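A.B. asks: My structure file run33.cif, mmCIF, all heavy atoms, is below:
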data_target
loop_
_atom_site.label_atom_id
_atom_site.label_comp_id
_atom_site.auth_asym_id
_atom_site.auth_seq_id
_atom_site.Cartn_x
_atom_site.Cartn_y
_atom_site.Cartn_z
N MET A 1 133.08 133.10 136.81
CA MET A 1 133.65 132.51 137.99
C MET A 1 134.85 133.33 138.43
O MET A 1 135.59 133.83 137.60
CB MET A 1 134.08 131.09 137.72
CG MET A 1 133.05 130.28 137.05
SD MET A 1 132.81 128.74 137.88
CE MET A 1 131.43 128.19 136.95
N LYS A 2 135.05 133.39 139.72
CA LYS A 2 136.22 134.12 140.22
C LYS A 2 137.47 133.35 139.84
O LYS A 2 137.55 132.15 140.06
CB LYS A 2 136.14 134.31 141.72
CG LYS A 2 135.11 135.33 142.11
CD LYS A 2 135.27 135.70 143.56
CE LYS A 2 134.32 136.84 143.85
NZ LYS A 2 134.50 137.36 145.18
N SER A 3 138.46 134.04 139.31
CA SER A 3 139.69 133.38 138.93
C SER A 3 140.81 133.62 139.93
O SER A 3 141.87 133.06 139.82
CB SER A 3 140.13 133.83 137.54
OG SER A 3 140.32 135.22 137.53
N ARG A 4 140.59 134.53 140.93
CA ARG A 4 141.61 134.81 141.94
C ARG A 4 141.02 134.74 143.34
O ARG A 4 140.96 135.73 144.04
CB ARG A 4 142.24 136.17 141.68
CG ARG A 4 143.10 136.16 140.45
CD ARG A 4 143.77 137.46 140.20
NE ARG A 4 144.09 138.16 141.44
CZ ARG A 4 144.57 139.37 141.48
NH1 ARG A 4 144.78 140.03 140.38
NH2 ARG A 4 144.85 139.96 142.62
N PRO A 5 140.61 133.57 143.74
CA PRO A 5 140.06 133.42 145.10
C PRO A 5 141.16 133.35 146.14
O PRO A 5 142.34 133.27 145.80
CB PRO A 5 139.33 132.08 145.02
CG PRO A 5 140.17 131.30 144.06
CD PRO A 5 140.61 132.32 143.02
N GLU A 6 140.77 133.38 147.39
CA GLU A 6 141.71 133.11 148.47
C GLU A 6 141.60 131.63 148.82
O GLU A 6 140.51 131.10 148.98
CB GLU A 6 141.39 133.96 149.70
CG GLU A 6 141.97 135.33 149.62
CD GLU A 6 142.02 136.01 150.98
OE1 GLU A 6 141.72 135.37 152.01
OE2 GLU A 6 142.36 137.19 151.01
N VAL A 7 142.74 130.99 148.93
CA VAL A 7 142.82 129.59 149.33
C VAL A 7 143.82 129.51 150.47
O VAL A 7 144.96 129.96 150.32
CB VAL A 7 143.25 128.69 148.15
CG1 VAL A 7 143.41 127.26 148.62
CG2 VAL A 7 142.25 128.78 147.00
N ASN A 8 143.38 128.99 151.59
CA ASN A 8 144.24 128.93 152.79
C ASN A 8 144.79 130.31 153.15
O ASN A 8 145.93 130.45 153.57
CB ASN A 8 145.38 127.92 152.60
CG ASN A 8 144.87 126.51 152.55
OD1 ASN A 8 143.85 126.18 153.12
ND2 ASN A 8 145.59 125.67 151.84
N GLY A 9 143.99 131.35 152.94
CA GLY A 9 144.37 132.69 153.32
C GLY A 9 145.31 133.40 152.35
O GLY A 9 145.75 134.51 152.62
N GLU A 10 145.61 132.79 151.22
CA GLU A 10 146.49 133.40 150.23
C GLU A 10 145.76 133.54 148.90
O GLU A 10 144.90 132.74 148.56
CB GLU A 10 147.73 132.53 150.01
CG GLU A 10 148.59 132.37 151.24
CD GLU A 10 149.82 131.51 150.96
OE1 GLU A 10 150.17 131.33 149.78
OE2 GLU A 10 150.41 131.03 151.93
N SER A 11 146.13 134.57 148.13
CA SER A 11 145.57 134.71 146.79
C SER A 11 146.00 133.54 145.94
O SER A 11 147.14 133.07 146.04
CB SER A 11 146.04 136.01 146.14
OG SER A 11 145.50 137.12 146.79
N ALA A 12 145.11 133.07 145.11
CA ALA A 12 145.39 131.93 144.25
C ALA A 12 144.69 132.13 142.92
O ALA A 12 143.81 132.99 142.79
CB ALA A 12 144.92 130.63 144.91
N LEU A 13 145.06 131.33 141.95
CA LEU A 13 144.42 131.32 140.65
C LEU A 13 143.69 130.00 140.54
O LEU A 13 144.30 128.93 140.69
CB LEU A 13 145.45 131.46 139.53
CG LEU A 13 144.91 131.36 138.12
CD1 LEU A 13 144.07 132.61 137.83
CD2 LEU A 13 146.03 131.23 137.13
N ALA A 14 142.38 130.06 140.31
CA ALA A 14 141.58 128.85 140.18
C ALA A 14 141.24 128.65 138.71
O ALA A 14 140.85 129.59 138.02
CB ALA A 14 140.30 128.95 141.00
N ALA A 15 141.40 127.42 138.23
CA ALA A 15 141.06 127.08 136.85
C ALA A 15 139.78 126.24 136.87
O ALA A 15 139.70 125.24 137.57
CB ALA A 15 142.20 126.30 136.21
N TRP A 16 138.80 126.70 136.10
CA TRP A 16 137.50 126.04 136.04
C TRP A 16 137.23 125.56 134.62
O TRP A 16 137.60 126.22 133.66
CB TRP A 16 136.39 127.01 136.45
CG TRP A 16 136.49 127.50 137.85
CD1 TRP A 16 137.22 128.56 138.31
CD2 TRP A 16 135.83 126.95 138.99
NE1 TRP A 16 137.06 128.71 139.66
CE2 TRP A 16 136.21 127.73 140.11
CE3 TRP A 16 134.97 125.88 139.18
CZ2 TRP A 16 135.75 127.46 141.39
CZ3 TRP A 16 134.50 125.62 140.45
CH2 TRP A 16 134.89 126.40 141.54
N ASP A 17 136.59 124.43 134.50
CA ASP A 17 136.07 123.93 133.22
C ASP A 17 134.58 123.84 133.41
O ASP A 17 134.08 122.89 134.02
CB ASP A 17 136.67 122.58 132.88
CG ASP A 17 136.20 122.04 131.54
OD1 ASP A 17 135.53 122.79 130.80
OD2 ASP A 17 136.51 120.87 131.23
N GLY A 18 133.87 124.88 132.96
CA GLY A 18 132.45 124.98 133.26
C GLY A 18 132.31 125.18 134.76
O GLY A 18 132.91 126.07 135.32
N GLY A 19 131.58 124.32 135.43
CA GLY A 19 131.41 124.41 136.86
C GLY A 19 132.34 123.52 137.65
O GLY A 19 132.18 123.35 138.85
N THR A 20 133.34 122.92 136.97
CA THR A 20 134.25 121.99 137.63
C THR A 20 135.60 122.64 137.88
O THR A 20 136.24 123.15 136.95
CB THR A 20 134.45 120.74 136.76
OG1 THR A 20 133.19 120.14 136.49
CG2 THR A 20 135.36 119.72 137.44
N LEU A 21 136.03 122.63 139.13
CA LEU A 21 137.34 123.14 139.49
C LEU A 21 138.38 122.12 139.03
O LEU A 21 138.33 120.96 139.43
CB LEU A 21 137.43 123.35 141.00
CG LEU A 21 138.73 123.90 141.55
CD1 LEU A 21 139.01 125.31 141.01
CD2 LEU A 21 138.69 123.92 143.08
N ILE A 22 139.31 122.53 138.15
CA ILE A 22 140.30 121.58 137.61
C ILE A 22 141.72 121.86 138.09
O ILE A 22 142.61 121.06 137.85
CB ILE A 22 140.25 121.54 136.07
CG1 ILE A 22 140.55 122.90 135.48
CG2 ILE A 22 138.91 120.99 135.60
CD1 ILE A 22 140.74 122.89 133.97
N GLY A 23 141.94 122.97 138.77
CA GLY A 23 143.27 123.25 139.27
C GLY A 23 143.31 124.55 140.05
O GLY A 23 142.48 125.43 139.85
N VAL A 24 144.29 124.65 140.94
CA VAL A 24 144.53 125.86 141.72
C VAL A 24 146.03 126.07 141.76
O VAL A 24 146.80 125.12 141.93
CB VAL A 24 143.98 125.72 143.15
CG1 VAL A 24 144.33 126.92 144.00
CG2 VAL A 24 142.48 125.53 143.15
N ALA A 25 146.46 127.33 141.57
CA ALA A 25 147.89 127.64 141.62
C ALA A 25 148.11 128.89 142.47
O ALA A 25 147.27 129.78 142.51
CB ALA A 25 148.43 127.87 140.22
N ALA A 26 149.26 128.93 143.14
CA ALA A 26 149.64 130.09 143.95
C ALA A 26 151.15 130.28 143.79
O ALA A 26 151.89 129.32 143.59
CB ALA A 26 149.30 129.88 145.41
N VAL A 27 151.58 131.53 143.83
CA VAL A 27 153.02 131.82 143.73
C VAL A 27 153.52 132.36 145.06
O VAL A 27 152.79 132.99 145.82
CB VAL A 27 153.34 132.82 142.59
CG1 VAL A 27 153.00 132.24 141.25
CG2 VAL A 27 152.64 134.14 142.81
N ASP A 28 154.78 132.10 145.33
CA ASP A 28 155.48 132.67 146.48
C ASP A 28 156.39 133.77 145.94
O ASP A 28 157.19 133.52 145.03
CB ASP A 28 156.33 131.61 147.18
CG ASP A 28 155.49 130.49 147.78
OD1 ASP A 28 154.42 130.80 148.32
OD2 ASP A 28 155.92 129.33 147.72
N ALA A 29 156.23 134.97 146.48
CA ALA A 29 157.06 136.09 146.02
C ALA A 29 157.80 136.71 147.20
O ALA A 29 157.26 136.81 148.29
CB ALA A 29 156.18 137.14 145.35
N ARG A 30 159.05 137.10 146.94
CA ARG A 30 159.87 137.82 147.91
C ARG A 30 160.62 138.91 147.17
O ARG A 30 161.20 138.66 146.12
CB ARG A 30 160.87 136.88 148.58
CG ARG A 30 160.27 136.17 149.76
CD ARG A 30 161.33 135.39 150.53
NE ARG A 30 160.76 134.05 150.69
CZ ARG A 30 161.34 132.93 150.31
NH1 ARG A 30 162.52 132.93 149.77
NH2 ARG A 30 160.74 131.78 150.50
N ASP A 31 160.58 140.11 147.73
CA ASP A 31 161.29 141.25 147.15
C ASP A 31 160.93 141.47 145.69
O ASP A 31 161.78 141.79 144.86
CB ASP A 31 162.81 141.07 147.29
CG ASP A 31 163.24 140.97 148.75
OD1 ASP A 31 162.65 141.68 149.59
OD2 ASP A 31 164.15 140.17 149.04
N GLY A 32 159.65 141.24 145.36
CA GLY A 32 159.17 141.47 144.00
C GLY A 32 159.54 140.39 143.00
O GLY A 32 159.30 140.55 141.81
N LEU A 33 160.11 139.30 143.46
CA LEU A 33 160.48 138.20 142.58
C LEU A 33 159.71 136.94 142.94
O LEU A 33 159.47 136.66 144.10
CB LEU A 33 161.98 137.90 142.70
CG LEU A 33 162.94 139.04 142.35
CD1 LEU A 33 164.37 138.64 142.69
CD2 LEU A 33 162.81 139.40 140.89
N ILE A 34 159.33 136.18 141.94
CA ILE A 34 158.69 134.89 142.18
C ILE A 34 159.77 133.89 142.57
O ILE A 34 160.74 133.69 141.85
CB ILE A 34 157.92 134.40 140.94
CG1 ILE A 34 156.76 135.36 140.65
CG2 ILE A 34 157.43 132.97 141.14
CD1 ILE A 34 156.01 135.07 139.38
N VAL A 35 159.61 133.29 143.75
CA VAL A 35 160.61 132.35 144.25
C VAL A 35 160.06 130.92 144.34
O VAL A 35 160.80 130.00 144.65
CB VAL A 35 161.17 132.79 145.62
CG1 VAL A 35 161.93 134.10 145.49
CG2 VAL A 35 160.08 132.89 146.66
N GLY A 36 158.78 130.77 144.05
CA GLY A 36 158.20 129.43 144.08
C GLY A 36 156.79 129.46 143.55
O GLY A 36 156.15 130.52 143.46
N MET A 37 156.31 128.30 143.17
CA MET A 37 154.93 128.17 142.68
C MET A 37 154.41 126.82 143.14
O MET A 37 155.13 125.82 143.12
CB MET A 37 154.89 128.25 141.17
CG MET A 37 153.49 128.15 140.62
SD MET A 37 153.50 128.42 138.86
CE MET A 37 151.81 128.02 138.51
N ARG A 38 153.15 126.84 143.58
CA ARG A 38 152.49 125.60 143.98
C ARG A 38 151.24 125.43 143.14
O ARG A 38 150.53 126.40 142.88
CB ARG A 38 152.11 125.65 145.45
CG ARG A 38 153.31 125.75 146.38
CD ARG A 38 152.82 125.98 147.78
NE ARG A 38 151.87 127.10 147.73
CZ ARG A 38 151.91 128.15 148.50
NH1 ARG A 38 152.80 128.23 149.43
NH2 ARG A 38 151.05 129.11 148.39
N ALA A 39 150.99 124.21 142.72
CA ALA A 39 149.78 123.91 141.95
C ALA A 39 149.16 122.64 142.50
O ALA A 39 149.87 121.72 142.93
CB ALA A 39 150.10 123.74 140.47
N VAL A 40 147.84 122.61 142.51
CA VAL A 40 147.10 121.42 142.94
C VAL A 40 146.16 121.03 141.82
O VAL A 40 145.37 121.85 141.34
CB VAL A 40 146.29 121.71 144.23
CG1 VAL A 40 145.44 120.50 144.61
CG2 VAL A 40 147.21 122.10 145.37
N VAL A 41 146.27 119.77 141.38
CA VAL A 41 145.36 119.24 140.37
C VAL A 41 144.74 117.91 140.81
O VAL A 41 143.91 117.35 140.11
CB VAL A 41 146.05 119.08 138.99
CG1 VAL A 41 146.44 120.44 138.42
CG2 VAL A 41 147.27 118.17 139.06
N ASN A 42 145.14 117.43 141.99
CA ASN A 42 144.60 116.19 142.54
C ASN A 42 143.11 116.39 142.83
O ASN A 42 142.75 117.24 143.64
CB ASN A 42 145.37 115.84 143.82
CG ASN A 42 144.87 114.58 144.49
OD1 ASN A 42 143.67 114.35 144.59
ND2 ASN A 42 145.79 113.80 145.00
N PRO A 43 142.23 115.61 142.18
CA PRO A 43 140.79 115.79 142.38
C PRO A 43 140.33 115.71 143.83
O PRO A 43 139.43 116.44 144.24
CB PRO A 43 140.16 114.68 141.54
CG PRO A 43 141.19 114.33 140.53
CD PRO A 43 142.52 114.56 141.21
N GLU A 44 140.96 114.84 144.63
CA GLU A 44 140.56 114.73 146.03
C GLU A 44 140.90 116.00 146.80
O GLU A 44 140.11 116.48 147.61
CB GLU A 44 141.22 113.51 146.68
CG GLU A 44 140.68 112.20 146.13
CD GLU A 44 141.42 110.99 146.66
OE1 GLU A 44 142.28 111.15 147.55
OE2 GLU A 44 141.12 109.89 146.18
N LYS A 45 142.07 116.56 146.56
CA LYS A 45 142.46 117.80 147.22
C LYS A 45 141.65 118.98 146.69
O LYS A 45 141.31 119.90 147.44
CB LYS A 45 143.95 118.05 147.05
CG LYS A 45 144.79 117.05 147.82
CD LYS A 45 146.25 117.33 147.70
CE LYS A 45 147.04 116.30 148.51
NZ LYS A 45 148.47 116.57 148.46
N LEU A 46 141.33 118.96 145.40
CA LEU A 46 140.52 120.04 144.82
C LEU A 46 139.12 120.05 145.41
O LEU A 46 138.51 121.12 145.52
CB LEU A 46 140.46 119.93 143.31
CG LEU A 46 141.75 120.29 142.58
CD1 LEU A 46 141.61 119.98 141.10
CD2 LEU A 46 142.12 121.74 142.81
N GLU A 47 138.60 118.91 145.79
CA GLU A 47 137.27 118.87 146.42
C GLU A 47 137.28 119.67 147.71
O GLU A 47 136.34 120.42 148.00
CB GLU A 47 136.83 117.43 146.67
CG GLU A 47 135.48 117.30 147.33
CD GLU A 47 134.35 117.95 146.55
OE1 GLU A 47 134.43 118.08 145.33
OE2 GLU A 47 133.35 118.34 147.20
N PHE A 48 138.35 119.55 148.48
CA PHE A 48 138.47 120.35 149.70
C PHE A 48 138.50 121.84 149.36
O PHE A 48 137.83 122.65 149.99
CB PHE A 48 139.75 119.96 150.47
CG PHE A 48 140.06 120.90 151.60
CD1 PHE A 48 139.36 120.81 152.80
CD2 PHE A 48 141.01 121.89 151.46
CE1 PHE A 48 139.63 121.68 153.85
CE2 PHE A 48 141.29 122.77 152.50
CZ PHE A 48 140.59 122.66 153.68
N VAL A 49 139.28 122.22 148.34
CA VAL A 49 139.37 123.63 147.94
C VAL A 49 138.01 124.11 147.44
O VAL A 49 137.59 125.22 147.78
CB VAL A 49 140.45 123.82 146.85
CG1 VAL A 49 140.45 125.24 146.32
CG2 VAL A 49 141.82 123.44 147.39
N ARG A 50 137.32 123.29 146.65
CA ARG A 50 136.00 123.68 146.14
C ARG A 50 135.05 123.97 147.30
O ARG A 50 134.34 124.97 147.30
CB ARG A 50 135.42 122.60 145.23
CG ARG A 50 134.14 123.06 144.52
CD ARG A 50 133.40 121.90 143.90
NE ARG A 50 132.95 120.93 144.88
CZ ARG A 50 131.95 121.10 145.73
NH1 ARG A 50 131.28 122.23 145.76
NH2 ARG A 50 131.61 120.16 146.58
N ARG A 51 135.08 123.14 148.32
CA ARG A 51 134.24 123.38 149.51
C ARG A 51 134.67 124.64 150.23
O ARG A 51 133.86 125.41 150.72
CB ARG A 51 134.28 122.17 150.45
CG ARG A 51 133.51 120.97 149.94
CD ARG A 51 133.31 119.92 151.03
NE ARG A 51 134.51 119.63 151.80
CZ ARG A 51 135.39 118.66 151.52
NH1 ARG A 51 135.21 117.90 150.47
NH2 ARG A 51 136.43 118.47 152.29
N GLN A 52 136.00 124.87 150.30
CA GLN A 52 136.52 126.06 150.95
C GLN A 52 136.06 127.32 150.22
O GLN A 52 135.75 128.33 150.85
CB GLN A 52 138.05 125.99 150.98
CG GLN A 52 138.70 127.07 151.81
CD GLN A 52 140.22 126.93 151.83
OE1 GLN A 52 140.80 126.37 150.92
NE2 GLN A 52 140.84 127.44 152.87
N LEU A 53 136.02 127.27 148.89
CA LEU A 53 135.56 128.42 148.12
C LEU A 53 134.07 128.63 148.27
O LEU A 53 133.59 129.76 148.18
CB LEU A 53 135.90 128.23 146.63
CG LEU A 53 137.39 128.21 146.30
CD1 LEU A 53 137.58 127.90 144.82
CD2 LEU A 53 138.04 129.51 146.67
N GLY A 54 133.32 127.56 148.48
CA GLY A 54 131.88 127.67 148.65
C GLY A 54 131.23 128.38 147.49
O GLY A 54 131.59 128.19 146.35
N ALA A 55 130.27 129.24 147.76
CA ALA A 55 129.54 129.95 146.72
C ALA A 55 130.45 130.93 145.99
O ALA A 55 130.17 131.31 144.87
CB ALA A 55 128.36 130.69 147.32
N GLU A 56 131.55 131.36 146.63
CA GLU A 56 132.45 132.33 146.01
C GLU A 56 132.93 131.85 144.64
O GLU A 56 133.05 132.61 143.70
CB GLU A 56 133.66 132.56 146.90
CG GLU A 56 134.71 133.47 146.32
CD GLU A 56 135.91 133.62 147.23
OE1 GLU A 56 135.77 133.48 148.45
OE2 GLU A 56 136.99 133.87 146.68
N GLY A 57 133.18 130.56 144.52
CA GLY A 57 133.72 130.03 143.27
C GLY A 57 132.71 130.00 142.15
O GLY A 57 133.08 129.76 141.00
N THR A 58 131.44 130.25 142.43
CA THR A 58 130.43 130.17 141.39
C THR A 58 129.91 131.54 140.98
O THR A 58 129.07 131.65 140.12
CB THR A 58 129.24 129.29 141.84
OG1 THR A 58 128.66 129.88 143.00
CG2 THR A 58 129.69 127.88 142.12
N GLU A 59 130.42 132.62 141.60
CA GLU A 59 129.97 133.96 141.25
C GLU A 59 130.69 134.45 140.01
O GLU A 59 131.80 134.06 139.74
CB GLU A 59 130.27 134.95 142.40
CG GLU A 59 129.52 134.64 143.66
CD GLU A 59 129.97 135.53 144.79
OE1 GLU A 59 130.83 136.40 144.59
OE2 GLU A 59 129.45 135.37 145.90
N ALA A 60 130.05 135.34 139.29
CA ALA A 60 130.71 135.97 138.15
C ALA A 60 131.79 136.92 138.67
O ALA A 60 131.62 137.57 139.68
CB ALA A 60 129.69 136.75 137.31
N ALA A 61 132.90 136.94 137.97
CA ALA A 61 134.03 137.80 138.38
C ALA A 61 133.74 139.24 137.97
O ALA A 61 133.05 139.54 137.06
CB ALA A 61 135.32 137.32 137.75
#
Could the structure of this file be written out as structure tokens, please?
C.D. replies:
Amino acid sequence: MKSRPEVNGESALAAWDGGTLIGVAAVDARDGLIVGMRAVVNPEKLEFVRRQLGAEGTEAA
């Protein structure tokens, strides 16, 4: 499975348990430094992300 998909137009890290998406994380960087991090683990919001990833999330990396 791809572990670095694009979500909302930004690179993200997707965590999968088998075929189930269990989390997505993205970092905000400025001037080479991490200034923030966002993570989504809410199953309802992850369903939207899973649909957004479509077949991409099921391909071998």
A.B. asks: Could you write out, as a list in words, all the residues of chain A that DSSP marks as strand (DSSP E)?
C.D. replies: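 Taking chain A and keeping strand (DSSP E) only, one gets Glu6, Val7, Glu10, Ser11, Leu13, Ala14, Ala15, Trp16, Asp17, Thr20, Leu21, Ile22, Gly23, Val24, Ala25, Ala26, Val27, Asp28, Ala29, Arg30, Leu33, Ile34, Val35, Gly36, Met37, Arg38, Ala39 and Val40 of chain A.
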A.B. asks: Do you have the atom OE2 of A:Glu44-atom N of A:Leu21 distance handy?
C.D. replies: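 Computing the Euclidean distance for atom OE2 of A:Glu44 and atom N of A:Leu21 yields 15.4 Å.
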A.B. asks: Just so the selection is clear, what residues does the PyMOL selection byres ((chain A and resi 23) around 5) cover here, as a ChimeraX atom specification?
C.D. replies: /A:13-15,21-22,24-25,40-41,46
A.B. asks: Please report the interatomic distance between atom CA of A:Ile34 and atom NE1 of A:Trp16 in Å with one decimal.
C.D. replies: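 Separation of atom CA of A:Ile34 and atom NE1 of A:Trp16: 22.6 Å.
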A.B. asks: Grab the atom CA of A:Asn8 to atom CA of A:Ala29 distance for me, in Å with one decimal place.
C.D. replies: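 These two atoms are separated by 16.2 Å.
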A.B. asks: Neighbouring residues of A:Glu6 were defined as those with any atom within 6 Å, considering all heavy atoms; residues of the same chain fewer than 3 positions away were excluded. Please report them as a list in words.
C.D. replies: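 Returned residues: Gly9, Glu10, Ser11, Ala12, Gln52, Leu53 and Glu56 of chain A.
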A.B. asks: What do you get, as a PyMOL selection string, if you spell out every residue that the PyMOL selection byres ((chain A and resi 27) around 3.5) selects here?
C.D. replies: chain A and resi 26+28+36
